[in-house]
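Colleague: Here you go, this is model_2.tsv (TSV, C-alpha atoms).
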```
chain	number	residue	atom	x	y	z
Y	562	MET	CA	22.86	-6.09	11.35
Y	563	ASN	CA	25.61	-4.18	9.50
Y	564	LEU	CA	26.65	-0.59	10.10
Y	565	LYS	CA	24.76	0.67	7.05
Y	566	MET	CA	21.48	-0.74	8.35
Y	567	VAL	CA	22.12	0.75	11.80
Y	568	LEU	CA	22.82	4.19	10.37
Y	569	SER	CA	19.73	3.98	8.17
Y	570	ASN	CA	17.62	3.83	11.32
Y	571	PHE	CA	18.78	7.32	12.23
Y	572	LYS	CA	16.60	10.03	10.83
Y	573	ALA	CA	16.76	13.74	11.49
Y	574	LYS	CA	13.80	13.88	13.86
Y	575	GLU	CA	14.87	10.79	15.76
Y	576	LEU	CA	18.46	12.03	16.04
Y	577	PHE	CA	17.24	15.28	17.56
Y	578	PHE	CA	14.94	13.37	19.90
Y	579	GLN	CA	17.76	11.08	21.05
Y	580	LEU	CA	20.12	14.01	21.64
Y	581	VAL	CA	17.58	15.83	23.79
Y	582	LEU	CA	16.73	12.63	25.66
Y	583	HIS	CA	20.39	11.86	26.42
Y	584	VAL	CA	21.08	15.40	27.60
Y	585	VAL	CA	18.09	15.34	29.97
Y	586	VAL	CA	18.88	11.86	31.30
Y	587	PHE	CA	22.55	12.80	31.77
Y	588	ILE	CA	21.61	15.83	33.83
Y	589	PHE	CA	19.44	13.73	36.15
Y	590	PHE	CA	22.06	10.97	36.21
Y	591	ALA	CA	25.06	13.12	37.04
Y	592	PHE	CA	23.58	15.92	39.14
Y	593	ASP	CA	24.07	15.53	42.89
Y	594	ARG	CA	21.96	17.89	44.98
Y	595	ARG	CA	24.32	17.45	47.92
Y	596	LEU	CA	27.23	18.67	45.80
Y	597	PRO	CA	25.70	21.10	43.30
Y	598	GLY	CA	27.23	20.73	39.89
Y	599	ILE	CA	28.27	17.94	37.56
Y	600	GLU	CA	31.71	16.37	37.89
Y	601	PRO	CA	33.52	15.71	34.58
Y	602	HIS	CA	34.09	12.01	35.28
Y	603	GLN	CA	30.30	11.46	35.39
Y	604	PHE	CA	30.36	11.81	31.61
Y	605	PHE	CA	32.35	8.58	31.29
Y	606	PHE	CA	29.96	6.70	33.57
Y	607	PHE	CA	27.01	7.91	31.52
Y	608	LEU	CA	28.82	7.16	28.25
Y	609	ASN	CA	28.94	3.53	29.40
Y	610	TYR	CA	25.14	3.52	29.66
Y	611	ALA	CA	24.69	5.47	26.40
Y	612	ILE	CA	26.74	2.95	24.42
Y	613	ALA	CA	24.75	0.08	25.94
Y	614	GLY	CA	21.52	1.90	25.13
Y	615	PHE	CA	22.65	2.41	21.52
Y	616	VAL	CA	23.42	-1.30	21.13
Y	617	MET	CA	20.04	-2.29	22.55
Y	618	ASN	CA	18.07	0.34	20.65
Y	619	TYR	CA	19.58	-0.04	17.20
Y	620	ILE	CA	20.82	-3.62	17.16
Y	621	LEU	CA	18.95	-5.79	19.65
Y	622	LEU	CA	15.47	-4.26	19.29
Y	623	PRO	CA	15.23	-4.40	15.45
Y	624	SER	CA	17.23	-7.63	15.08
Y	625	TYR	CA	15.54	-9.72	17.75
Y	626	LEU	CA	12.62	-8.18	19.68
Y	627	TYR	CA	10.80	-6.76	16.62
Y	628	LYS	CA	11.28	-10.08	14.85
Y	629	SER	CA	9.72	-11.95	17.81
Y	630	ASN	CA	13.02	-13.64	18.69
Y	631	TYR	CA	12.44	-13.04	22.39
Y	632	TRP	CA	14.91	-15.51	23.87
Y	633	SER	CA	17.82	-14.15	21.84
Y	634	PHE	CA	16.82	-10.61	22.79
Y	635	LEU	CA	16.72	-11.54	26.48
Y	636	ILE	CA	20.07	-13.33	26.38
Y	637	TYR	CA	21.87	-10.53	24.54
Y	638	THR	CA	20.26	-7.93	26.80
Y	639	LEU	CA	21.62	-9.73	29.86
Y	640	VAL	CA	25.05	-9.83	28.20
Y	641	VAL	CA	24.93	-6.08	27.55
Y	642	ILE	CA	23.88	-5.35	31.15
Y	643	ALA	CA	26.67	-7.59	32.43
Y	644	LEU	CA	29.21	-5.70	30.29
Y	645	VAL	CA	27.92	-2.37	31.59
Y	646	ILE	CA	28.38	-3.54	35.19
Y	647	PHE	CA	31.83	-4.97	34.40
Y	648	VAL	CA	33.07	-1.74	32.74
Y	649	GLU	CA	31.72	0.34	35.62
Y	650	GLU	CA	33.11	-1.88	38.39
Y	651	ALA	CA	36.38	-3.07	36.85
Y	652	ILE	CA	37.44	0.05	34.95
Y	653	LEU	CA	35.62	3.30	35.73
Y	654	GLU	CA	35.37	2.93	39.49
Y	655	GLN	CA	38.97	1.80	39.65
Y	656	LEU	CA	40.03	4.95	37.79
Y	657	PHE	CA	37.87	7.54	39.55
Y	658	TYR	CA	37.05	5.96	42.95
Y	659	PRO	CA	39.99	3.65	43.73
Y	660	ASP	CA	39.84	4.23	47.50
Y	661	THR	CA	36.05	4.11	47.97
Y	662	ARG	CA	33.66	2.44	45.55
Y	663	GLY	CA	36.49	0.72	43.67
Y	664	ARG	CA	37.67	-1.24	46.69
Y	665	LYS	CA	34.64	-3.50	46.98
Y	666	PHE	CA	32.12	-5.14	44.67
Y	667	LEU	CA	28.71	-4.51	46.23
Y	668	GLY	CA	26.98	-7.32	44.37
Y	669	VAL	CA	24.88	-7.87	41.29
Y	670	PHE	CA	21.61	-6.76	42.88
Y	671	TYR	CA	22.99	-3.40	43.98
Y	672	ASN	CA	24.52	-2.80	40.56
Y	673	LEU	CA	21.24	-3.69	38.84
Y	674	LEU	CA	19.44	-1.13	41.01
Y	675	SER	CA	21.85	1.56	39.83
Y	676	THR	CA	22.06	0.39	36.21
Y	677	MET	CA	18.51	-0.56	35.21
Y	678	PRO	CA	16.72	2.80	35.74
Y	679	THR	CA	18.96	4.67	33.29
Y	680	LEU	CA	18.97	1.87	30.71
Y	681	THR	CA	15.22	1.44	31.04
Y	682	ILE	CA	14.65	5.12	30.27
Y	683	LEU	CA	17.00	5.13	27.27
Y	684	VAL	CA	15.57	1.93	25.80
Y	685	GLY	CA	11.97	2.58	26.83
Y	686	PHE	CA	11.77	5.90	25.02
Y	687	LYS	CA	13.25	4.34	21.88
Y	688	PHE	CA	10.69	1.52	22.06
Y	689	ALA	CA	7.88	4.07	22.45
Y	690	TRP	CA	9.25	6.07	19.49
Y	691	ASP	CA	9.28	2.96	17.30
Y	692	ALA	CA	5.78	1.99	18.44
Y	693	LEU	CA	4.38	5.40	17.49
Y	694	ASN	CA	6.08	5.25	14.09
Y	695	LYS	CA	4.74	1.76	13.51
Y	696	GLN	CA	1.23	2.89	14.41
Y	697	ARG	CA	1.54	5.79	11.96
Y	698	GLU	CA	2.73	3.42	9.22
Y	699	VAL	CA	-0.18	1.07	9.90
Y	700	MET	CA	-2.65	3.96	9.66
Y	701	GLU	CA	-1.06	5.13	6.41
Y	702	LEU	CA	-1.25	1.60	5.05
Y	703	ARG	CA	-4.90	1.29	6.04
Y	704	ASN	CA	-5.70	4.61	4.40
Y	705	SER	CA	-3.80	3.55	1.29
Y	706	VAL	CA	-5.69	0.27	1.10
Y	707	LYS	CA	-8.98	2.05	1.71
Y	708	GLU	CA	-8.24	4.60	-1.01
Y	709	SER	CA	-7.20	1.85	-3.44
Y	710	GLU	CA	-10.41	-0.04	-2.77
Y	711	LEU	CA	-12.48	3.11	-3.26
Y	712	GLN	CA	-10.77	3.83	-6.55
Y	713	PHE	CA	-11.35	0.25	-7.66
Y	714	LEU	CA	-15.02	0.38	-6.72
Y	715	LYS	CA	-15.46	3.72	-8.46
Y	716	SER	CA	-13.77	2.41	-11.58
Y	717	GLN	CA	-16.36	-0.39	-11.75
Y	718	ILE	CA	-19.20	2.12	-12.02
Y	719	ASN	CA	-18.17	3.68	-15.31
Y	720	PRO	CA	-18.09	0.44	-17.36
Y	721	HIS	CA	-21.32	-0.68	-15.69
Y	722	PHE	CA	-23.10	2.53	-16.67
Y	723	LEU	CA	-21.53	2.70	-20.11
Y	724	PHE	CA	-22.50	-0.88	-20.93
Y	725	ASN	CA	-26.19	-0.24	-20.21
Y	726	ASN	CA	-26.41	3.03	-22.13
Y	727	MET	CA	-24.41	1.93	-25.15
Y	728	ASN	CA	-27.08	-0.75	-25.63
Y	729	ASN	CA	-29.73	1.98	-25.66
Y	730	LEU	CA	-27.73	4.06	-28.11
Y	731	TYR	CA	-27.32	1.04	-30.38
Y	732	SER	CA	-31.07	0.44	-30.38
Y	733	TYR	CA	-31.85	4.05	-31.29
Y	734	ALA	CA	-29.23	4.00	-34.03
Y	735	LEU	CA	-30.74	0.83	-35.57
Y	736	GLU	CA	-34.15	2.48	-35.59
Y	737	LYS	CA	-32.64	5.66	-37.05
Y	738	SER	CA	-34.47	7.58	-34.36
Y	739	PRO	CA	-34.24	11.40	-34.48
Y	740	LYS	CA	-33.58	11.26	-30.74
Y	741	THR	CA	-30.18	9.63	-31.27
Y	742	PRO	CA	-28.24	12.95	-31.32
Y	743	LYS	CA	-29.91	14.02	-28.07
Y	744	LEU	CA	-29.06	10.67	-26.52
Y	745	ILE	CA	-25.43	11.03	-27.56
Y	746	LEU	CA	-25.29	14.58	-26.15
Y	747	GLU	CA	-26.75	13.53	-22.80
Y	748	LEU	CA	-24.45	10.53	-22.64
Y	749	SER	CA	-21.44	12.72	-23.40
Y	750	SER	CA	-22.36	15.13	-20.60
Y	751	VAL	CA	-22.75	12.34	-18.06
Y	752	LEU	CA	-19.53	10.60	-19.07
Y	753	ARG	CA	-17.59	13.85	-18.91
Y	754	TYR	CA	-18.57	14.18	-15.28
Y	755	MET	CA	-17.83	10.57	-14.46
Y	756	LEU	CA	-14.42	10.56	-16.16
Y	757	TYR	CA	-13.05	14.00	-15.41
Y	758	GLU	CA	-14.96	15.82	-12.70
Y	759	CYS	CA	-15.36	13.23	-9.96
Y	760	LYS	CA	-11.85	11.91	-9.43
Y	761	ALA	CA	-11.69	13.31	-5.89
Y	762	GLN	CA	-13.12	11.42	-2.95
Y	763	PHE	CA	-15.68	14.20	-2.44
Y	764	VAL	CA	-17.26	16.64	-4.88
Y	765	PRO	CA	-19.52	19.68	-4.34
Y	766	LEU	CA	-23.09	18.59	-3.75
Y	767	GLN	CA	-24.36	21.01	-6.41
Y	768	LYS	CA	-22.15	19.32	-9.02
Y	769	GLU	CA	-23.47	15.89	-8.08
Y	770	ILE	CA	-27.09	17.07	-8.29
Y	771	GLU	CA	-26.41	18.60	-11.71
Y	772	HIS	CA	-25.00	15.25	-12.81
Y	773	LEU	CA	-28.08	13.42	-11.49
Y	774	ASN	CA	-30.37	15.70	-13.48
Y	775	ASN	CA	-28.38	15.03	-16.65
Y	776	TYR	CA	-28.42	11.34	-15.86
Y	777	ILE	CA	-32.18	11.32	-15.37
Y	778	ASN	CA	-32.76	13.26	-18.59
Y	779	LEU	CA	-30.71	10.63	-20.39
Y	780	SER	CA	-32.52	7.74	-18.74
Y	781	LYS	CA	-35.97	9.18	-19.46
Y	782	LEU	CA	-35.42	8.39	-23.12
Y	783	GLN	CA	-35.60	4.69	-22.24
Y	784	ILE	CA	-39.22	4.86	-21.06
Y	785	GLU	CA	-40.65	7.77	-23.03
Y	786	GLY	CA	-44.33	7.15	-23.72
Y	787	ARG	CA	-44.49	4.20	-21.33
Y	788	GLY	CA	-44.79	5.95	-18.00
Y	789	GLN	CA	-43.98	8.91	-15.79
Y	790	VAL	CA	-40.84	10.13	-14.02
Y	791	ASN	CA	-41.23	12.56	-11.11
Y	792	VAL	CA	-38.12	14.37	-9.88
Y	793	ASN	CA	-37.90	16.68	-6.87
Y	794	MET	CA	-34.44	18.06	-6.16
Y	795	ALA	CA	-34.44	21.34	-4.26
Y	796	ASN	CA	-31.56	23.79	-4.54
Y	797	MET	CA	-28.65	22.36	-2.60
Y	798	SER	CA	-26.30	24.32	-0.36
Y	799	SER	CA	-22.82	24.88	-1.79
Y	800	GLN	CA	-21.15	24.33	1.58
Y	801	TYR	CA	-21.50	20.53	1.52
Y	802	GLN	CA	-19.70	17.78	-0.33
Y	803	ILE	CA	-20.66	14.22	-1.17
Y	804	ALA	CA	-18.91	11.12	-2.46
Y	805	PRO	CA	-19.49	11.08	-6.24
Y	806	LEU	CA	-21.60	8.52	-8.08
Y	807	ILE	CA	-23.33	7.22	-4.96
Y	808	LEU	CA	-26.91	8.19	-5.76
Y	809	SER	CA	-26.76	7.55	-9.50
Y	810	VAL	CA	-26.50	3.78	-8.94
Y	811	PHE	CA	-29.95	3.66	-7.35
Y	812	ILE	CA	-31.42	5.82	-10.10
Y	813	GLU	CA	-29.87	3.60	-12.74
Y	814	ASN	CA	-31.38	0.51	-11.12
Y	815	ALA	CA	-34.79	2.18	-10.98
Y	816	PHE	CA	-34.83	2.90	-14.70
Y	817	LYS	CA	-33.24	-0.42	-15.65
Y	818	HIS	CA	-35.67	-2.66	-13.76
Y	819	SER	CA	-38.74	-0.62	-14.61
Y	820	ALA	CA	-37.94	-0.39	-18.29
Y	821	SER	CA	-36.95	-4.03	-18.64
Y	822	SER	CA	-40.00	-5.48	-16.84
Y	823	GLN	CA	-42.81	-3.19	-17.99
Y	824	SER	CA	-44.07	-2.02	-21.33
Y	825	GLU	CA	-46.39	0.63	-19.82
Y	826	ASN	CA	-47.57	2.27	-16.58
Y	827	ILE	CA	-43.99	2.83	-15.42
Y	828	LEU	CA	-43.69	5.13	-12.42
Y	829	ILE	CA	-40.43	6.44	-10.99
Y	830	ASP	CA	-40.33	8.97	-8.14
Y	831	ILE	CA	-37.03	10.54	-7.07
Y	832	THR	CA	-36.71	13.02	-4.20
Y	833	VAL	CA	-33.51	14.55	-2.81
Y	834	THR	CA	-33.59	16.99	0.12
Y	835	LEU	CA	-31.03	18.54	2.46
Y	836	ASP	CA	-31.73	19.88	5.94
Y	837	ASP	CA	-29.92	22.66	7.80
Y	838	ASN	CA	-27.62	20.18	9.56
Y	839	GLY	CA	-26.22	18.73	6.37
Y	840	LYS	CA	-28.30	15.57	6.43
Y	841	LEU	CA	-29.11	14.44	2.91
Y	842	SER	CA	-32.25	12.41	2.28
Y	843	PHE	CA	-32.57	10.42	-0.93
Y	844	LEU	CA	-35.82	8.62	-1.75
Y	845	CYS	CA	-36.37	6.60	-4.89
Y	846	GLU	CA	-39.24	4.28	-5.74
Y	847	ASN	CA	-40.10	2.55	-8.95
Y	848	THR	CA	-42.61	0.06	-10.26
Y	849	PHE	CA	-41.75	-3.41	-11.54
Y	850	LEU	CA	-43.64	-6.54	-12.44
Y	851	LYS	CA	-43.57	-9.46	-10.02
Y	852	GLN	CA	-43.10	-11.93	-12.83
Y	853	SER	CA	-39.77	-10.29	-13.64
Y	854	ASN	CA	-36.65	-11.58	-11.98
Y	855	THR	CA	-36.96	-9.77	-8.65
Y	856	ASP	CA	-33.98	-11.59	-7.19
Y	857	SER	CA	-31.72	-9.50	-9.38
Y	858	LEU	CA	-33.01	-6.31	-7.77
Y	859	ASP	CA	-30.99	-6.90	-4.63
Y	860	GLN	CA	-27.88	-8.08	-6.43
Y	861	GLY	CA	-25.54	-7.00	-9.19
Y	862	ILE	CA	-22.29	-5.08	-9.46
Y	863	GLY	CA	-23.80	-1.61	-9.07
Y	864	LEU	CA	-25.74	-2.15	-5.86
Y	865	GLU	CA	-23.06	-4.20	-4.12
Y	866	ASN	CA	-20.54	-1.61	-5.22
Y	867	VAL	CA	-22.41	1.32	-3.70
Y	868	LYS	CA	-23.00	-0.55	-0.43
Y	869	LYS	CA	-19.26	-1.14	-0.07
Y	870	ARG	CA	-18.49	2.50	-0.86
Y	871	LEU	CA	-21.03	3.70	1.70
Y	872	ASN	CA	-19.48	1.46	4.36
Y	873	LEU	CA	-16.00	2.74	3.53
Y	874	ILE	CA	-16.75	6.45	3.18
Y	875	TYR	CA	-19.68	6.87	5.62
Y	876	PRO	CA	-19.21	3.98	8.07
Y	877	ASP	CA	-21.14	5.58	10.94
Y	878	SER	CA	-23.01	8.37	9.18
Y	879	HIS	CA	-25.42	6.76	6.77
Y	880	GLU	CA	-28.60	4.68	6.81
Y	881	LEU	CA	-29.69	2.62	3.82
Y	882	ASP	CA	-33.08	0.96	3.60
Y	883	ILE	CA	-34.04	-1.09	0.54
Y	884	ARG	CA	-37.33	-2.95	0.40
Y	885	ILE	CA	-40.03	-4.25	-1.94
Y	886	ASP	CA	-43.70	-3.64	-1.19
Y	887	LYS	CA	-46.83	-3.99	-3.34
Y	888	GLY	CA	-45.09	-3.88	-6.67
Y	889	LEU	CA	-42.86	-0.98	-5.72
Y	890	TYR	CA	-39.11	-1.01	-5.12
Y	891	PHE	CA	-38.11	1.49	-2.42
Y	892	VAL	CA	-34.68	2.95	-1.68
Y	893	LYS	CA	-34.19	5.32	1.23
Y	894	LEU	CA	-30.73	6.68	1.96
Y	895	MET	CA	-29.73	9.16	4.66
Y	896	ILE	CA	-26.19	10.60	4.70
Y	897	ASN	CA	-24.53	13.10	7.01
Y	898	LEU	CA	-22.52	15.08	4.49
Y	899	THR	CA	-19.00	16.48	4.75
Y	900	HIS	CA	-18.51	20.24	4.89
Y	901	SER	CA	-16.58	21.86	2.07
Y	902	VAL	CA	-13.06	22.88	3.04
```
Let me see the structure of the file written as structure tokens.
Modeller:
Amino acid sequence: MNLKMVLSNFKAKELFFQLVLHVVVFIFFAFDRRLPGIEPHQFFFFLNYAIAGFVMNYILLPSYLYKSNYWSFLIYTLVVIALVIFVEEAILEQLFYPDTRGRKFLGVFYNLLSTMPTLTILVGFKFAWDALNKQREVMELRNSVKESELQFLKSQINPHFLFNNMNNLYSYALEKSPKTPKLILELSSVLRYMLYECKAQFVPLQKEIEHLNNYINLSKLQIEGRGQVNVNMANMSSQYQIAPLILSVFIENAFKHSASSQSENILIDITVTLDDNGKLSFLCENTFLKQSNTDSLDQGIGLENVKKRLNLIYPDSHELDIRIDKGLYFVKLMINLTHSV
């Protein structure tokens, strides 16, 4: 590892952390309670450890340990420890304690007992610092991946919705229906919300409900004269937010499968309520004919999309129940909503 790479590992916060750590460790290393005070030559002894700690922290750890080259890390670590002991015994003690400690080598084990605690603290705190930074980077990466997936899933909804409704608009235009302008106006209102007003991960619940009403008014044109659509959406509190375009997928499926499989007696019931604890209840049921392709009811881009989004955004705070019973397709969704900031 070259000098440029070593220096790049130093950042302002880490530099401050290392300075504070070395000052504190030096005080505990050099202070002798029997002789209050710190002797100047203790600085040179500690400098020996500090240099060894720097080599291990900024060369051996990133070059070998973090790259899973454990044997090389162990060998070079032993070399560094041996050099620390050699400098202390052969140079420093000979200079400052020539008549006492410098006269006799007390052995490797004794020197390890005096060397390892200080080195372990210096290297251990650096390892912990790197581990915390790595954990933060992993969390940021996970959040980035999650956000990218959410944006991708959301982007799939707009073409899916637009494809279905452009077909309806084309049919009305061919028939020269007087309802075509109204259809275009409703479609414009819905698309404006989907393209411009729901880019955030969460939107005000009132905005989403307003969008659903516009969406339903647009979709009613598909089955006019062939059935009945009942909608019950009470006034929603402004203090809650919801992930956009979650509920509209179920409503779209209800209209699509009812309109495509039945020529009359279509029934669609939609109910949205909110309790005092911020728990949203969404109920949707629609009729369909058994001879239609019921397998497609549980599949398709829209439904799979919304299931993935629910699992990503509300992993432990939603319940989704989808079932078919006696010619009716039921969707029940419960979500614990997020408070507005």
Colleague: Smallest atom-to-atom distance to Ile803 of chain Y: which of Y:Ser749, Y:Gln603, Y:Gln767, Y:Asn672, using all atoms listed in the file?
Modeller: Y:Gln767
Colleague: As an exercise, work out the distance from atom CA of Phe891 of chain Y to atom CA of Ser878 of chain Y in Å and give it to one decimal place.
Modeller: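 Spanning atom CA of Phe891 of chain Y to atom CA of Ser878 of chain Y is a straight-line distance of 20.2 Å.
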Colleague: I want to know what sits within 7 Å of segment 628-645 of chain Y, based on only C-alpha atoms, with residues of the same chain fewer than 5 positions away left out; could you give that as an mmCIF file with C-alpha atoms, keeping the file's coordinate frame?
Modeller:
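What follows is the written file result.cif:
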```cif
data_model
loop_
_atom_site.group_PDB
_atom_site.id
_atom_site.type_symbol
_atom_site.label_atom_id
_atom_site.label_comp_id
_atom_site.auth_asym_id
_atom_site.auth_seq_id
_atom_site.Cartn_x
_atom_site.Cartn_y
_atom_site.Cartn_z
ATOM 1 C CA ASN Y 609 28.940 3.530 29.400
ATOM 2 C CA TYR Y 610 25.140 3.520 29.660
ATOM 3 C CA ALA Y 613 24.750 0.080 25.940
ATOM 4 C CA LEU Y 621 18.950 -5.790 19.650
ATOM 5 C CA PRO Y 623 15.230 -4.400 15.450
#
```
Colleague: Between atom CA of Ser798 of chain Y and atom CA of Val764 of chain Y, what is the spacing in Å?
Modeller: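 Taking atom CA of Val764 of chain Y and atom CA of Ser798 of chain Y, their separation equals 12.7 Å.
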Colleague: At what distance in Å, to one decimal, does atom CA of His818 of chain Y lie from atom CA of Cys759 of chain Y?
Modeller: 26.1 Å
Colleague: Pick from Y:Tyr627, Y:Tyr731, Y:Tyr757, Y:Phe647: nearest to Lys695 of chain Y, with only C-alpha atoms counted?
Modeller: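 Going through Y:Tyr627, Y:Tyr731, Y:Tyr757, Y:Phe647 one by one, the smallest distance to Lys695 of chain Y is for Y:Tyr627.
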